[in-house]
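Have a look at the structure below before the remarks.
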Amino acid sequence: MDKILEGLVSSDHSVPVKRAIVKKVVEAAEKAVTEEQCQALFTLTTRLILLGEDAFQRQIGFQVLEAYARYHRPEFEHFFSKDFVLSLLQQGYGPLDRKDPAIIDYIHCCLRLLISCPSVLETFSVIQVEVLRMVCERPEPALCAHLSTLLSDFVQCIPRDKSGVLFCQQLVRTISYFHCFVSQERELREYVGQVTKVSTLLQNIWKADPATLLPSLQEVFAIISSTDPSFDPSISLASLVQHIPVQMITVLIKSLTTDHNVKDASMTKALCRMIDWLSWPLAQHVDTWVIALLKGLAAVQKFTILIDVTLLKIELVFSRLWYPIVRQGALAVLSHMLLSFQHSPEAFHLVVPHVVHLVQSLRTDGLHTSKAFLLQFTELIHCMMYQYSGFPDLYDHILEAIKDLPKPGEDKIKLVLNQSAWTSQSNSFASGPLRQVGKSETGKTGLVNLGNTCFMNSIIQTLFMATDFRRHVLSLHINGSNTLMKKLQLLFAFLAHTQRAAYAPKNFLEASRPPWFNAGSQQDCSEYLRFLLDRLHEEEKTLQVLESVKPKVPPPVDSSSKDPTGQTSPENGEESYLTPAENKPENDGRTLTERMFGGKLITGIRCMQCNCISEKAEPFTDLSLAFCPSATSQGSSQPEGPSEEPKVLCQGSVNGGSEVPEPGLAKAPASNVHFVPVTNEPPLSVPDLVNYFLAPEILDEENAYFCEKCSSLQRAERTMKVVSAPEYLILTLLRFSYDAKCHVRRKILDNVTIPPLMRLPVHVPSMPTQCSSTTSSPLQQINGREMAVHSVPYVLSSVVMHSGMSSESGHYYSYGRNINGADGTQHPANHFALKDDLGNGQAECSLSTCSALSIPPEQGDTQPNSGQEARDWLLFNDSRVTFTCFQSVQNITNRFPKDTAYVLMYRKQELPGQNINGGLMANGMRLSTEPPLQKELLDAIIKDNKLCAYNLMKRALQLFINARTRAHSICVILDLILF
């Protein structure tokens, strides 16, 4: 026998020779009769199986062992005793460690050969105890897989009762320690197979003994909810999810979400780790469990957890869409996350940069399933762009990439948006903390949305881009920090000089919000602008009165009172609301609001019976421009809005401006929206609306005029004329009307052409000489007075857009650029507005009407890539500020039909060197440059910039501390297995 063994293990023999030797050994095993022979055979086979140098030797060992057990069963049963099994599991075999999978395979083979022997029952009892001890030692995946195979074939070796529950729990925890550190495809496949074997064993135990299931799931939750930073459980736990009965989801999720012992931090960790399970290639129902947990948390209003997890994991979920084997489950989770997170576009905008690349990949990857998946994916993207309209700079590339794919109808979109929203019943959520990033390439600062405050943000940015107004606000010396103008000054200073990418205007919101505006609700930006300007005007008037009654005592001269700008500041008790230069008589006591935005209209009514004329002069800060009834196609609509609106036919202001639709909005009929009719007529322009506003109107029948001279109702003609042009002309396009027949508010989506340059007819008393910056028409008679019509040039400064299909919801953003009335050379377009010879632009219209002026194509903003002109316009969208061009402003409604111009601001222009304004000075000088910051403003900004820098450093340090080296093995698995 020794010679046979020596020949068998020798590597000098060829395979045929070795096979002949095997045959002799098997024959010897059959004929062995003495105890010594049996012992030698048993030792031989054990040594070959456990210590064989190659697979051939181990194969020989198994063959000999099988022959030995068949022909000498009593002897084999005697040698393979429970004591021998115990020694193998506790001590190993010779140099072989007890944790080597070969030992498990050897025991497995022997049990198969002895299954009919009574003594095997004692061996089962030993194995039951030992396998429980083994899993408590957290064996490697390979050993666990071999052990699972043994226990699956011999269920008698699985621990029972309480030990069985403990075994399942410990096996679950063992899986959580599995990690794969290999990179070769073969090894990765082997790892996935090992995990699958272990999870299948647990499935079999749960089926055989249902009492072990709930404790096992409790252990899973305890593992994934752990906040211990030193322990990161393996996503191999995902392999268990497919074996959990789906019918248990509702009960288990309700139990977890209502358990007060589960802290929010633990629940957040658990949900994040379950989302990580989407990366496991073979797991089923992970998406079902994740969505169920998301819904469960929404049901108990754990919105903070949902917000945090969504913002943290949305990009990871999106990245799983690249892998076909996990793609469908990832899309289900992504859809639920996006469709439920409807209080803010922040989550959607995190994945927007990756959409085009994924679409291109799905088009070209050659998989037959990709086409159908692409349709599902683009439907979701269309729904999200519909929900969060108003971001043309983000969506343009997406629209181009999916333009040839089907687009869902509006009713389908509304149905989808209503399915999962957990914030549709409340709009009081802010959009979460702004990520600490630097300013955009524009160098401009955005404004944080504080919860449906885009109505305020768009107006603030519009006023900030009113260059002259901003400069004069920053140059004021204001007494008292509680005035609205002081808060506006501080806000402008931060927008100009903060290091933050976006500033949160909390204090200004509280100070400037109209009393009837509910916090967190959607509001009208035009109404807010009107209220804000009125407040600033009334506040300044009040302070002017207080200043006028103070004794005029000149402040002492003190060189130490000079601020860093070189300006001398009065003592605190004598500090004026205005700069000294602005108290000069040439301002006629007008407030800054009046001088910047104030104009004057004369409304005249002529009785057509007696020709008696009644006139009334009214100041204005904005003109509300109604749409012609023929243009709106709203024959049954009745205008709504403040009674002081100058036109009877004007529509009411928008109540929208929020990022959140009101409850039930999606169920509103599509007829609530006025779509642009397809006609061959040219689109309306802003001058058309201005001319309609100024056009004579006949008052008759229900609107007949009561003539005092005739002492009766008479047919009359009403006319309105601008007699004083504002420095900044604010125009509001009244796009919202009330349909009395249908009892709904409608939005007019007609595209309106916005000219970059236009002239406004202004009627002024006849003067001997006229300013060369305007052109005069023949004299006209107004109430017996000779009036000359001046055509005053204006250049577009800002446009506030309303994005949405309804007056009850939507989003505001704005376009703007720096236009300086005191410096006619700042913008190239200004020169064309001021030429005496206006060419065709002047010839087309008479001076008594508003007209648009054309810029030669080779010199205007028509070349998107032509240097500075192409980057002259900025797009302000809450926290985002990006470069754009005038073509984007003009074409926005063509590209995004829901996005329509709502509030426009034009800047009056003058020839270089002229001073139409007269008194717009500070310290005796024209404000043609940015004023230096006053000391208190400078100190506040320096302090905030230091705090911002400190927070950035603190965050970077925290990220560095929390960083741990981790092998992203599952991503490699997906890459190698799937592709």
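Going through the structure tokens in order, the chains are called A, B, and so on, while each chain numbers its residues from 1 and the ligands are numbered from 1 in the order shown.
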Which neighbours of range 488-505 of chain A fall inside 6 Å, counting only C-alpha atoms, when residues of the same chain fewer than 4 positions from it are skipped, and could you give them as a list in words?
-> Gly438, Lys439, Thr445, Gly446, Leu447, Val448, Val473, Leu474, Ser879 and Asn945 of chain A
Just C-alpha atoms for this one: save the residues we selected as a JSON list (two decimals), in the first residue's frame.
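So again_16.json came out as:
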```json
[["chain", "number", "residue", "atom", "x", "y", "z"],
["A", 438, "GLY", "CA", -17.92, 79.16, -5.62],
["A", 439, "LYS", "CA", -19.53, 81.76, -7.78],
["A", 445, "THR", "CA", -24.39, 86.22, -6.95],
["A", 446, "GLY", "CA", -27.66, 84.29, -6.99],
["A", 447, "LEU", "CA", -30.46, 84.38, -4.43],
["A", 448, "VAL", "CA", -31.48, 81.36, -2.38],
["A", 473, "VAL", "CA", -29.03, 103.06, -3.39],
["A", 474, "LEU", "CA", -25.46, 102.09, -2.47],
["A", 879, "SER", "CA", -29.34, 80.47, -6.93],
["A", 945, "ASN", "CA", -16.98, 86.42, 3.79]]
```
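Closest to Pro793 in chain A among A:Ala211, A:Leu44, A:Ile253, A:Ala725 is A:Ala725, based on only C-alpha atoms.
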Taking the DSSP assignment computed from this structure's backbone, write out as a PyMOL selection string all residues of range 162-294 of chain A that belong to helix (DSSP H, G or I).
-> chain A and resi 162-176+185-208+210-224+235-241+246-257+264-279+286-294
